[in-house]
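For reference, structure_29.cif (mmCIF, N, CA and C atoms):
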data_run
#
loop_
_atom_site.label_atom_id
_atom_site.label_comp_id
_atom_site.auth_asym_id
_atom_site.auth_seq_id
_atom_site.Cartn_x
_atom_site.Cartn_y
_atom_site.Cartn_z
N MET J 25 -3.67 -8.06 26.25
CA MET J 25 -3.19 -6.70 25.98
C MET J 25 -3.11 -6.50 24.46
N THR J 26 -3.66 -5.39 24.00
CA THR J 26 -3.63 -5.05 22.58
C THR J 26 -2.39 -4.22 22.31
N GLU J 27 -1.56 -4.69 21.38
CA GLU J 27 -0.27 -4.06 21.09
C GLU J 27 -0.16 -3.68 19.63
N LEU J 28 0.78 -2.80 19.37
CA LEU J 28 1.07 -2.35 18.01
C LEU J 28 2.57 -2.48 17.77
N THR J 29 2.94 -3.14 16.68
CA THR J 29 4.34 -3.23 16.29
C THR J 29 4.44 -2.90 14.80
N ILE J 30 5.35 -2.00 14.49
CA ILE J 30 5.62 -1.61 13.10
C ILE J 30 7.12 -1.70 12.88
N VAL J 31 7.53 -2.35 11.81
CA VAL J 31 8.95 -2.41 11.45
C VAL J 31 9.11 -1.67 10.12
N ARG J 32 10.03 -0.72 10.11
CA ARG J 32 10.31 0.06 8.89
C ARG J 32 11.82 0.11 8.68
N VAL J 33 12.23 0.15 7.43
CA VAL J 33 13.64 0.35 7.09
C VAL J 33 13.76 1.71 6.44
N PHE J 34 14.67 2.52 6.97
CA PHE J 34 14.92 3.86 6.45
C PHE J 34 16.29 3.90 5.81
N ASP J 35 16.40 4.60 4.69
CA ASP J 35 17.66 4.74 3.97
C ASP J 35 18.46 5.88 4.60
N ALA J 36 18.86 5.66 5.85
CA ALA J 36 19.63 6.65 6.60
C ALA J 36 20.33 5.93 7.75
N PRO J 37 21.49 6.44 8.16
CA PRO J 37 22.18 5.83 9.30
C PRO J 37 21.34 5.97 10.57
N ARG J 38 21.49 5.03 11.49
CA ARG J 38 20.64 5.05 12.68
C ARG J 38 20.87 6.27 13.56
N GLU J 39 22.07 6.84 13.54
CA GLU J 39 22.29 8.08 14.30
C GLU J 39 21.36 9.18 13.82
N LEU J 40 21.15 9.24 12.52
CA LEU J 40 20.28 10.26 11.94
C LEU J 40 18.80 9.97 12.28
N VAL J 41 18.41 8.71 12.22
CA VAL J 41 17.03 8.35 12.55
C VAL J 41 16.77 8.63 14.02
N PHE J 42 17.71 8.29 14.87
CA PHE J 42 17.58 8.58 16.30
C PHE J 42 17.45 10.08 16.54
N GLN J 43 18.26 10.87 15.85
CA GLN J 43 18.20 12.33 15.96
C GLN J 43 16.84 12.86 15.51
N ALA J 44 16.26 12.26 14.48
CA ALA J 44 14.94 12.71 14.01
C ALA J 44 13.86 12.49 15.06
N TRP J 45 14.07 11.52 15.94
CA TRP J 45 13.12 11.25 17.03
C TRP J 45 13.37 12.14 18.24
N THR J 46 14.58 12.63 18.43
CA THR J 46 14.91 13.32 19.69
C THR J 46 15.16 14.81 19.56
N ASP J 47 15.45 15.32 18.38
CA ASP J 47 15.65 16.75 18.17
C ASP J 47 14.28 17.39 17.90
N PRO J 48 13.87 18.38 18.69
CA PRO J 48 12.51 18.93 18.54
C PRO J 48 12.21 19.50 17.16
N ALA J 49 13.17 20.12 16.51
CA ALA J 49 12.93 20.69 15.18
C ALA J 49 12.68 19.59 14.17
N HIS J 50 13.47 18.52 14.24
CA HIS J 50 13.29 17.41 13.31
C HIS J 50 12.00 16.64 13.61
N LEU J 51 11.72 16.42 14.89
CA LEU J 51 10.50 15.72 15.27
C LEU J 51 9.26 16.47 14.78
N ALA J 52 9.26 17.78 14.93
CA ALA J 52 8.11 18.60 14.49
C ALA J 52 7.91 18.52 12.98
N ALA J 53 8.98 18.23 12.24
CA ALA J 53 8.88 18.19 10.78
C ALA J 53 8.08 16.98 10.27
N TRP J 54 8.00 15.92 11.06
CA TRP J 54 7.35 14.71 10.57
C TRP J 54 6.27 14.13 11.50
N PHE J 55 6.21 14.59 12.72
CA PHE J 55 5.32 13.98 13.71
C PHE J 55 3.86 14.29 13.42
N GLY J 56 3.05 13.27 13.43
CA GLY J 56 1.62 13.41 13.18
C GLY J 56 1.26 12.92 11.80
N PRO J 57 0.00 12.51 11.63
CA PRO J 57 -0.44 12.01 10.33
C PRO J 57 -0.42 13.08 9.26
N HIS J 58 -0.52 12.66 7.99
CA HIS J 58 -0.59 13.61 6.88
C HIS J 58 -1.71 14.62 7.15
N GLY J 59 -1.45 15.86 6.80
CA GLY J 59 -2.47 16.89 6.93
C GLY J 59 -2.49 17.61 8.26
N VAL J 60 -1.61 17.21 9.18
CA VAL J 60 -1.52 17.94 10.45
C VAL J 60 -0.16 18.60 10.56
N VAL J 61 -0.12 19.63 11.40
CA VAL J 61 1.12 20.35 11.64
C VAL J 61 1.49 20.16 13.11
N ALA J 62 2.73 19.78 13.36
CA ALA J 62 3.22 19.66 14.73
C ALA J 62 3.89 20.98 15.11
N SER J 63 3.54 21.48 16.28
CA SER J 63 4.14 22.72 16.79
C SER J 63 4.35 22.56 18.29
N GLU J 64 4.95 23.56 18.89
CA GLU J 64 5.22 23.54 20.33
C GLU J 64 5.92 22.25 20.74
N THR J 65 6.74 21.72 19.85
CA THR J 65 7.42 20.46 20.11
C THR J 65 8.66 20.70 20.97
N ARG J 66 8.71 19.98 22.08
CA ARG J 66 9.84 20.07 23.01
C ARG J 66 10.30 18.67 23.37
N THR J 67 11.60 18.50 23.50
CA THR J 67 12.14 17.21 23.93
C THR J 67 13.27 17.44 24.93
N ASP J 68 13.39 16.52 25.87
CA ASP J 68 14.49 16.46 26.82
C ASP J 68 14.88 14.98 26.92
N PRO J 69 15.57 14.48 25.87
CA PRO J 69 15.81 13.04 25.76
C PRO J 69 16.85 12.49 26.74
N ARG J 70 16.39 12.26 27.94
CA ARG J 70 17.19 11.62 28.99
C ARG J 70 16.19 10.92 29.90
N PRO J 71 16.60 9.87 30.57
CA PRO J 71 15.67 9.20 31.48
C PRO J 71 15.08 10.20 32.48
N GLY J 72 13.76 10.26 32.54
CA GLY J 72 13.07 11.22 33.40
C GLY J 72 12.74 12.53 32.71
N GLY J 73 13.35 12.78 31.54
CA GLY J 73 13.04 13.99 30.77
C GLY J 73 11.68 13.84 30.10
N THR J 74 11.12 14.96 29.69
CA THR J 74 9.79 14.91 29.08
C THR J 74 9.83 15.36 27.63
N TRP J 75 8.75 15.06 26.92
CA TRP J 75 8.56 15.53 25.55
C TRP J 75 7.11 15.97 25.42
N HIS J 76 6.86 16.84 24.44
CA HIS J 76 5.52 17.39 24.23
C HIS J 76 5.40 17.87 22.79
N SER J 77 4.22 17.71 22.22
CA SER J 77 3.95 18.28 20.91
C SER J 77 2.47 18.60 20.80
N ARG J 78 2.17 19.57 19.98
CA ARG J 78 0.79 19.93 19.66
C ARG J 78 0.60 19.68 18.18
N ILE J 79 -0.46 18.95 17.82
CA ILE J 79 -0.73 18.74 16.41
C ILE J 79 -2.06 19.40 16.07
N THR J 80 -2.06 20.10 14.94
CA THR J 80 -3.25 20.84 14.53
C THR J 80 -3.52 20.65 13.05
N SER J 81 -4.79 20.75 12.69
CA SER J 81 -5.22 20.72 11.31
C SER J 81 -6.57 21.42 11.22
N THR J 82 -6.62 22.53 10.49
CA THR J 82 -7.90 23.21 10.31
C THR J 82 -8.80 22.39 9.38
N GLU J 83 -8.19 21.71 8.43
CA GLU J 83 -8.95 20.89 7.48
C GLU J 83 -9.69 19.74 8.18
N HIS J 84 -9.03 19.13 9.17
CA HIS J 84 -9.61 17.98 9.87
C HIS J 84 -10.15 18.36 11.26
N ASP J 85 -10.16 19.66 11.59
CA ASP J 85 -10.64 20.15 12.88
C ASP J 85 -9.94 19.42 14.04
N VAL J 86 -8.61 19.41 13.99
CA VAL J 86 -7.81 18.73 15.01
C VAL J 86 -6.96 19.76 15.75
N ASP J 87 -6.97 19.69 17.05
CA ASP J 87 -6.08 20.48 17.90
C ASP J 87 -5.84 19.65 19.16
N ARG J 88 -4.76 18.89 19.15
CA ARG J 88 -4.48 17.97 20.26
C ARG J 88 -3.05 18.12 20.73
N ARG J 89 -2.89 17.84 21.99
CA ARG J 89 -1.55 17.82 22.59
C ARG J 89 -1.25 16.40 23.04
N VAL J 90 0.00 16.05 22.92
CA VAL J 90 0.46 14.73 23.33
C VAL J 90 1.78 14.92 24.06
N SER J 91 2.02 14.09 25.06
CA SER J 91 3.25 14.25 25.83
C SER J 91 3.64 12.92 26.47
N GLY J 92 4.80 12.93 27.08
CA GLY J 92 5.27 11.74 27.77
C GLY J 92 6.58 11.98 28.48
N THR J 93 7.08 10.91 29.04
CA THR J 93 8.33 10.93 29.79
C THR J 93 9.26 9.86 29.24
N TYR J 94 10.51 10.25 29.02
CA TYR J 94 11.50 9.29 28.55
C TYR J 94 11.87 8.34 29.69
N ARG J 95 11.84 7.06 29.39
CA ARG J 95 12.21 6.04 30.38
C ARG J 95 13.62 5.52 30.12
N GLU J 96 13.96 5.38 28.82
CA GLU J 96 15.27 4.86 28.44
C GLU J 96 15.74 5.58 27.19
N VAL J 97 16.98 6.05 27.22
CA VAL J 97 17.58 6.72 26.06
C VAL J 97 18.98 6.15 25.90
N ALA J 98 19.15 5.32 24.88
CA ALA J 98 20.43 4.70 24.59
C ALA J 98 20.79 4.99 23.14
N ALA J 99 21.33 6.20 22.91
CA ALA J 99 21.65 6.63 21.55
C ALA J 99 22.74 5.74 20.97
N PRO J 100 22.62 5.36 19.73
CA PRO J 100 21.51 5.55 18.80
C PRO J 100 20.65 4.30 18.64
N SER J 101 20.65 3.42 19.64
CA SER J 101 20.03 2.11 19.44
C SER J 101 18.65 1.91 20.05
N ARG J 102 18.27 2.71 21.06
CA ARG J 102 16.99 2.42 21.73
C ARG J 102 16.42 3.68 22.37
N LEU J 103 15.09 3.76 22.29
CA LEU J 103 14.36 4.89 22.87
C LEU J 103 13.06 4.32 23.46
N VAL J 104 12.81 4.63 24.73
CA VAL J 104 11.59 4.18 25.40
C VAL J 104 10.97 5.38 26.08
N PHE J 105 9.68 5.62 25.81
CA PHE J 105 9.00 6.76 26.43
C PHE J 105 7.51 6.48 26.57
N THR J 106 6.88 7.22 27.49
CA THR J 106 5.43 7.13 27.62
C THR J 106 4.79 8.05 26.59
N PHE J 107 3.53 7.77 26.27
CA PHE J 107 2.79 8.50 25.24
C PHE J 107 1.37 8.66 25.76
N ARG J 108 0.91 9.92 25.86
CA ARG J 108 -0.45 10.16 26.33
C ARG J 108 -1.04 11.39 25.65
N TRP J 109 -2.23 11.20 25.05
CA TRP J 109 -2.97 12.34 24.50
C TRP J 109 -3.52 13.16 25.65
N GLN J 110 -3.48 14.47 25.51
CA GLN J 110 -3.93 15.37 26.58
C GLN J 110 -5.27 16.01 26.21
N HIS J 111 -6.31 15.20 26.06
CA HIS J 111 -7.63 15.76 25.79
C HIS J 111 -8.69 14.91 26.47
N PRO J 112 -9.82 15.52 26.83
CA PRO J 112 -10.83 14.83 27.64
C PRO J 112 -11.42 13.58 27.00
N GLU J 113 -11.49 13.51 25.69
CA GLU J 113 -12.09 12.36 25.02
C GLU J 113 -11.15 11.17 24.91
N ASP J 114 -9.94 11.30 25.42
CA ASP J 114 -8.94 10.24 25.29
C ASP J 114 -9.42 8.96 25.96
N GLU J 115 -9.48 7.89 25.18
CA GLU J 115 -9.87 6.59 25.72
C GLU J 115 -8.67 5.65 25.84
N VAL J 116 -7.54 6.07 25.30
CA VAL J 116 -6.38 5.19 25.26
C VAL J 116 -5.64 5.18 26.59
N GLY J 117 -5.51 6.34 27.23
CA GLY J 117 -4.69 6.41 28.44
C GLY J 117 -3.22 6.43 28.06
N GLU J 118 -2.39 6.17 29.03
CA GLU J 118 -0.95 6.19 28.78
C GLU J 118 -0.49 4.87 28.19
N THR J 119 0.31 4.96 27.13
CA THR J 119 0.93 3.78 26.54
C THR J 119 2.45 3.93 26.65
N LEU J 120 3.13 2.84 26.41
CA LEU J 120 4.59 2.86 26.42
C LEU J 120 5.07 2.56 25.01
N VAL J 121 5.94 3.43 24.50
CA VAL J 121 6.53 3.28 23.18
C VAL J 121 7.97 2.82 23.35
N THR J 122 8.33 1.75 22.67
CA THR J 122 9.70 1.24 22.66
C THR J 122 10.16 1.18 21.21
N ILE J 123 11.29 1.82 20.93
CA ILE J 123 11.81 1.84 19.57
C ILE J 123 13.25 1.33 19.59
N ASP J 124 13.49 0.32 18.78
CA ASP J 124 14.85 -0.20 18.61
C ASP J 124 15.32 0.15 17.21
N PHE J 125 16.53 0.69 17.14
CA PHE J 125 17.14 1.10 15.88
C PHE J 125 18.33 0.18 15.61
N ALA J 126 18.28 -0.58 14.52
CA ALA J 126 19.37 -1.51 14.19
C ALA J 126 20.04 -1.07 12.90
N GLU J 127 21.38 -1.11 12.91
CA GLU J 127 22.17 -0.79 11.72
C GLU J 127 21.96 -1.89 10.69
N LEU J 128 21.76 -1.48 9.45
CA LEU J 128 21.47 -2.44 8.39
C LEU J 128 22.18 -2.00 7.12
N ALA J 129 23.50 -2.20 7.08
CA ALA J 129 24.32 -1.86 5.91
C ALA J 129 24.09 -0.41 5.45
N GLY J 130 24.24 0.52 6.37
CA GLY J 130 24.08 1.94 6.05
C GLY J 130 22.65 2.43 6.15
N LYS J 131 21.72 1.52 6.32
CA LYS J 131 20.32 1.88 6.52
C LYS J 131 19.96 1.60 7.98
N THR J 132 18.73 1.88 8.35
CA THR J 132 18.29 1.64 9.71
C THR J 132 16.99 0.85 9.70
N SER J 133 16.99 -0.25 10.43
CA SER J 133 15.76 -1.00 10.67
C SER J 133 15.21 -0.50 12.00
N MET J 134 14.00 0.04 11.96
CA MET J 134 13.37 0.57 13.15
C MET J 134 12.21 -0.34 13.54
N THR J 135 12.25 -0.86 14.76
CA THR J 135 11.14 -1.64 15.29
C THR J 135 10.44 -0.79 16.33
N PHE J 136 9.21 -0.42 16.01
CA PHE J 136 8.39 0.46 16.84
C PHE J 136 7.32 -0.39 17.52
N HIS J 137 7.21 -0.25 18.84
CA HIS J 137 6.22 -1.01 19.59
C HIS J 137 5.50 -0.06 20.54
N GLN J 138 4.16 -0.15 20.59
CA GLN J 138 3.36 0.68 21.49
C GLN J 138 2.28 -0.18 22.13
N ALA J 139 2.13 -0.04 23.45
CA ALA J 139 1.12 -0.83 24.18
C ALA J 139 0.95 -0.23 25.58
N PRO J 140 -0.12 -0.52 26.28
CA PRO J 140 -1.29 -1.28 25.84
C PRO J 140 -2.38 -0.35 25.31
N PHE J 141 -3.18 -0.87 24.41
CA PHE J 141 -4.36 -0.16 23.92
C PHE J 141 -5.59 -0.81 24.52
N PRO J 142 -6.64 -0.03 24.79
CA PRO J 142 -7.82 -0.61 25.43
C PRO J 142 -8.62 -1.54 24.50
N ASN J 143 -8.43 -1.38 23.18
CA ASN J 143 -9.17 -2.22 22.24
C ASN J 143 -8.49 -2.15 20.86
N THR J 144 -8.92 -3.01 19.96
CA THR J 144 -8.29 -3.05 18.64
C THR J 144 -8.61 -1.82 17.81
N ALA J 145 -9.77 -1.21 18.01
CA ALA J 145 -10.12 -0.01 17.24
C ALA J 145 -9.15 1.13 17.54
N GLU J 146 -8.83 1.33 18.81
CA GLU J 146 -7.87 2.38 19.18
C GLU J 146 -6.48 2.05 18.63
N ARG J 147 -6.09 0.79 18.73
CA ARG J 147 -4.79 0.39 18.18
C ARG J 147 -4.75 0.64 16.68
N ASP J 148 -5.79 0.22 15.97
CA ASP J 148 -5.81 0.36 14.53
C ASP J 148 -5.79 1.83 14.10
N GLY J 149 -6.42 2.70 14.86
CA GLY J 149 -6.35 4.13 14.58
C GLY J 149 -4.94 4.66 14.69
N HIS J 150 -4.20 4.13 15.65
CA HIS J 150 -2.80 4.53 15.81
C HIS J 150 -1.92 3.95 14.70
N VAL J 151 -2.26 2.76 14.22
CA VAL J 151 -1.48 2.18 13.11
C VAL J 151 -1.50 3.14 11.93
N ASP J 152 -2.68 3.60 11.55
CA ASP J 152 -2.79 4.52 10.41
C ASP J 152 -2.01 5.80 10.66
N GLY J 153 -2.14 6.36 11.85
CA GLY J 153 -1.43 7.60 12.18
C GLY J 153 0.07 7.43 12.14
N TRP J 154 0.58 6.35 12.73
CA TRP J 154 2.03 6.14 12.74
C TRP J 154 2.55 5.84 11.34
N GLN J 155 1.85 5.02 10.57
CA GLN J 155 2.31 4.71 9.22
C GLN J 155 2.43 6.00 8.39
N SER J 156 1.44 6.86 8.52
CA SER J 156 1.46 8.15 7.83
C SER J 156 2.64 9.00 8.30
N SER J 157 2.85 9.03 9.60
CA SER J 157 3.98 9.79 10.16
C SER J 157 5.31 9.25 9.65
N PHE J 158 5.44 7.92 9.59
CA PHE J 158 6.70 7.33 9.15
C PHE J 158 6.97 7.60 7.68
N GLU J 159 5.94 7.77 6.88
CA GLU J 159 6.15 8.21 5.49
C GLU J 159 6.77 9.61 5.48
N ASP J 160 6.25 10.49 6.35
CA ASP J 160 6.82 11.84 6.45
C ASP J 160 8.23 11.79 7.03
N LEU J 161 8.49 10.87 7.96
CA LEU J 161 9.84 10.71 8.51
C LEU J 161 10.82 10.35 7.40
N THR J 162 10.42 9.52 6.47
CA THR J 162 11.27 9.17 5.33
C THR J 162 11.72 10.43 4.59
N HIS J 163 10.78 11.34 4.33
CA HIS J 163 11.12 12.59 3.62
C HIS J 163 12.01 13.50 4.48
N THR J 164 11.72 13.55 5.77
CA THR J 164 12.54 14.37 6.68
C THR J 164 13.97 13.87 6.70
N LEU J 165 14.15 12.55 6.75
CA LEU J 165 15.50 11.98 6.75
C LEU J 165 16.26 12.31 5.47
N GLU J 166 15.57 12.32 4.34
CA GLU J 166 16.21 12.70 3.09
C GLU J 166 16.72 14.14 3.15
N GLU J 167 15.93 15.01 3.76
CA GLU J 167 16.34 16.42 3.90
C GLU J 167 17.47 16.58 4.91
N MET J 168 17.54 15.71 5.91
CA MET J 168 18.58 15.80 6.94
C MET J 168 19.94 15.35 6.45
N LYS J 169 19.98 14.52 5.40
CA LYS J 169 21.25 13.96 4.91
C LYS J 169 22.16 15.04 4.38
#
Rewritten as structure tokens:
Amino acid sequence: MTELTIVRVFDAPRELVFQAWTDPAHLAAWFGPHGVVASETRTDPRPGGTWHSRITSTEHDVDRRVSGTYREVAAPSRLVFTFRWQHPEDEVGETLVTIDFAELAGKTSMTFHQAPFPNTAERDGHVDGWQSSFEDLTHTLEEMK
């Protein structure tokens, strides 16, 4: 199984980082790689609840929808949800995202895990997208403080 794990430390309390993942307005502010805009973002962060976002970029000719279902919501320490692109060319299928948020002296250590990917090329494409998104999350958290 091809997996993706990213660990990032954010200069924000974990309650705030958790909120940035679960509040639709905050999620829309950072979700997606640089150069895309997230819209139509909806969240229902409870087990069985769903989430959805549309990311667009005229510069990169992107118009995609992504959605999933929350499996586990343990504020502010853990979030587990499915992730699936909603377009015909999707080769990834449904993956499971698990995020653990650990308190780190006023900061938050976030361990992000996503799997399974059908191959390393698909996984590596997601690495770039998530890393870019997490840079934007850093800026969003600064604005949320």
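Distance-wise, atom N of J:Pro100 and atom CA of J:His58 end up 27.8 Å apart.
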### Task
Give as a list in words every residue, naming chains and numbers as the document does, that has an atom within 6.5 Å of (10.4, 6.6, 25.5), counting all atoms listed in the file.
Thr93, Tyr94, Arg95, Glu96, Leu103, Val104, Phe105, Thr106, Val121 and Thr122 of chain J
### Task
Enter the distance from atom CA of J:Thr67 to atom CA of J:Trp45, in Å, rounded to one decimal.
9.2 Å
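Here atom CA of J:Ile30 is placed at a distance of 27.2 Å from atom CA of J:Asp85.
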### Message
Take the PyMOL selection byres (((chain J and resi 165 and name CA) around 8) and name CA), run it mentally on this structure, and tell me the resulting residues as a list in words.
### Response
Ala36, Leu40, Val41, Ala44, Leu161, Thr162, His163, Thr164, Glu166, Glu167, Met168 and Lys169 of chain J
### Message
Can you spell out as a list in words the set of residues that the PyMOL selection byres (((chain J and resi 57 and name CA) around 6) and name CA) selects in the structure I just provided?
### Response
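That selection, the PyMOL selection byres (((chain J and resi 57 and name CA) around 6) and name CA), comes back as Gly56, His58, Gly153, Ser156 and Ser157 of chain J.
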### Message
On this structure, the PyMOL selection byres ((chain J and resi 139-141) around 8) would catch which residues? List them as a PyMOL selection string, sorted by chain and number.
### Response
chain J and resi 25-29+115-122+136-138+142-147
### Query
Pick from J:Asp124, J:Arg89, J:Asp152, J:Ser77: nearest to J:Trp109, with only N, CA and C atoms counted?
J:Arg89
Applying 6.5 Å and all atoms listed in the file, which residues near J:Phe34 remain after dropping the ones on its own chain fewer than 5 positions away? List them as a compact mmCIF listing (two decimals) with N, CA and C atoms, in the frame of the given file.
# COMPACT_ATOMS: atom_id res chain seq x y z
N LYS J 131 21.72 1.52 6.32
CA LYS J 131 20.32 1.88 6.52
C LYS J 131 19.96 1.60 7.98
N THR J 132 18.73 1.88 8.35
CA THR J 132 18.29 1.64 9.71
C THR J 132 16.99 0.85 9.70
N SER J 133 16.99 -0.25 10.43
CA SER J 133 15.76 -1.00 10.67
C SER J 133 15.21 -0.50 12.00
N MET J 134 14.00 0.04 11.96
CA MET J 134 13.37 0.57 13.15
C MET J 134 12.21 -0.34 13.54
### Task
Please work out which residues fall within 6.5 Å of (3.2, 15.9, 20.5), coordinates as given in the file, with only N, CA and C atoms counting, and return them as number ranges by chain.
J: 65, 75-79, 89-91
With 4 Å of padding per side, what axis-aligned box (centre and edge lengths, Å, one decimal) covers all the listed atoms of stretch 34-37 of chain J? Give it as JSON.
{"center_x": 18.4, "center_y": 4.6, "center_z": 7.3, "size_x": 15.5, "size_y": 12.1, "size_z": 14.6}
Excluding J:Thr80 and residues on its chain fewer than 6 positions from it, collect all residues at most 8 Å away from it, counting only N, CA and C atoms, and give them as a short mmCIF file (atom, residue, chain, number, x, y, z; two decimals) with N, CA and C atoms, keeping the file's coordinate frame.
data_model
loop_
_atom_site.label_atom_id
_atom_site.label_comp_id
_atom_site.auth_asym_id
_atom_site.auth_seq_id
_atom_site.Cartn_x
_atom_site.Cartn_y
_atom_site.Cartn_z
N GLY J 56 3.05 13.27 13.43
CA GLY J 56 1.62 13.41 13.18
C GLY J 56 1.26 12.92 11.80
N GLY J 59 -1.45 15.86 6.80
CA GLY J 59 -2.47 16.89 6.93
C GLY J 59 -2.49 17.61 8.26
N VAL J 60 -1.61 17.21 9.18
CA VAL J 60 -1.52 17.94 10.45
C VAL J 60 -0.16 18.60 10.56
N VAL J 61 -0.12 19.63 11.40
CA VAL J 61 1.12 20.35 11.64
C VAL J 61 1.49 20.16 13.11
N ALA J 62 2.73 19.78 13.36
CA ALA J 62 3.22 19.66 14.73
C ALA J 62 3.89 20.98 15.11
N SER J 63 3.54 21.48 16.28
CA SER J 63 4.14 22.72 16.79
C SER J 63 4.35 22.56 18.29
N VAL J 86 -8.61 19.41 13.99
CA VAL J 86 -7.81 18.73 15.01
C VAL J 86 -6.96 19.76 15.75
N ASP J 87 -6.97 19.69 17.05
CA ASP J 87 -6.08 20.48 17.90
C ASP J 87 -5.84 19.65 19.16
N ARG J 88 -4.76 18.89 19.15
CA ARG J 88 -4.48 17.97 20.26
C ARG J 88 -3.05 18.12 20.73
N ARG J 89 -2.89 17.84 21.99
CA ARG J 89 -1.55 17.82 22.59
C ARG J 89 -1.25 16.40 23.04
#
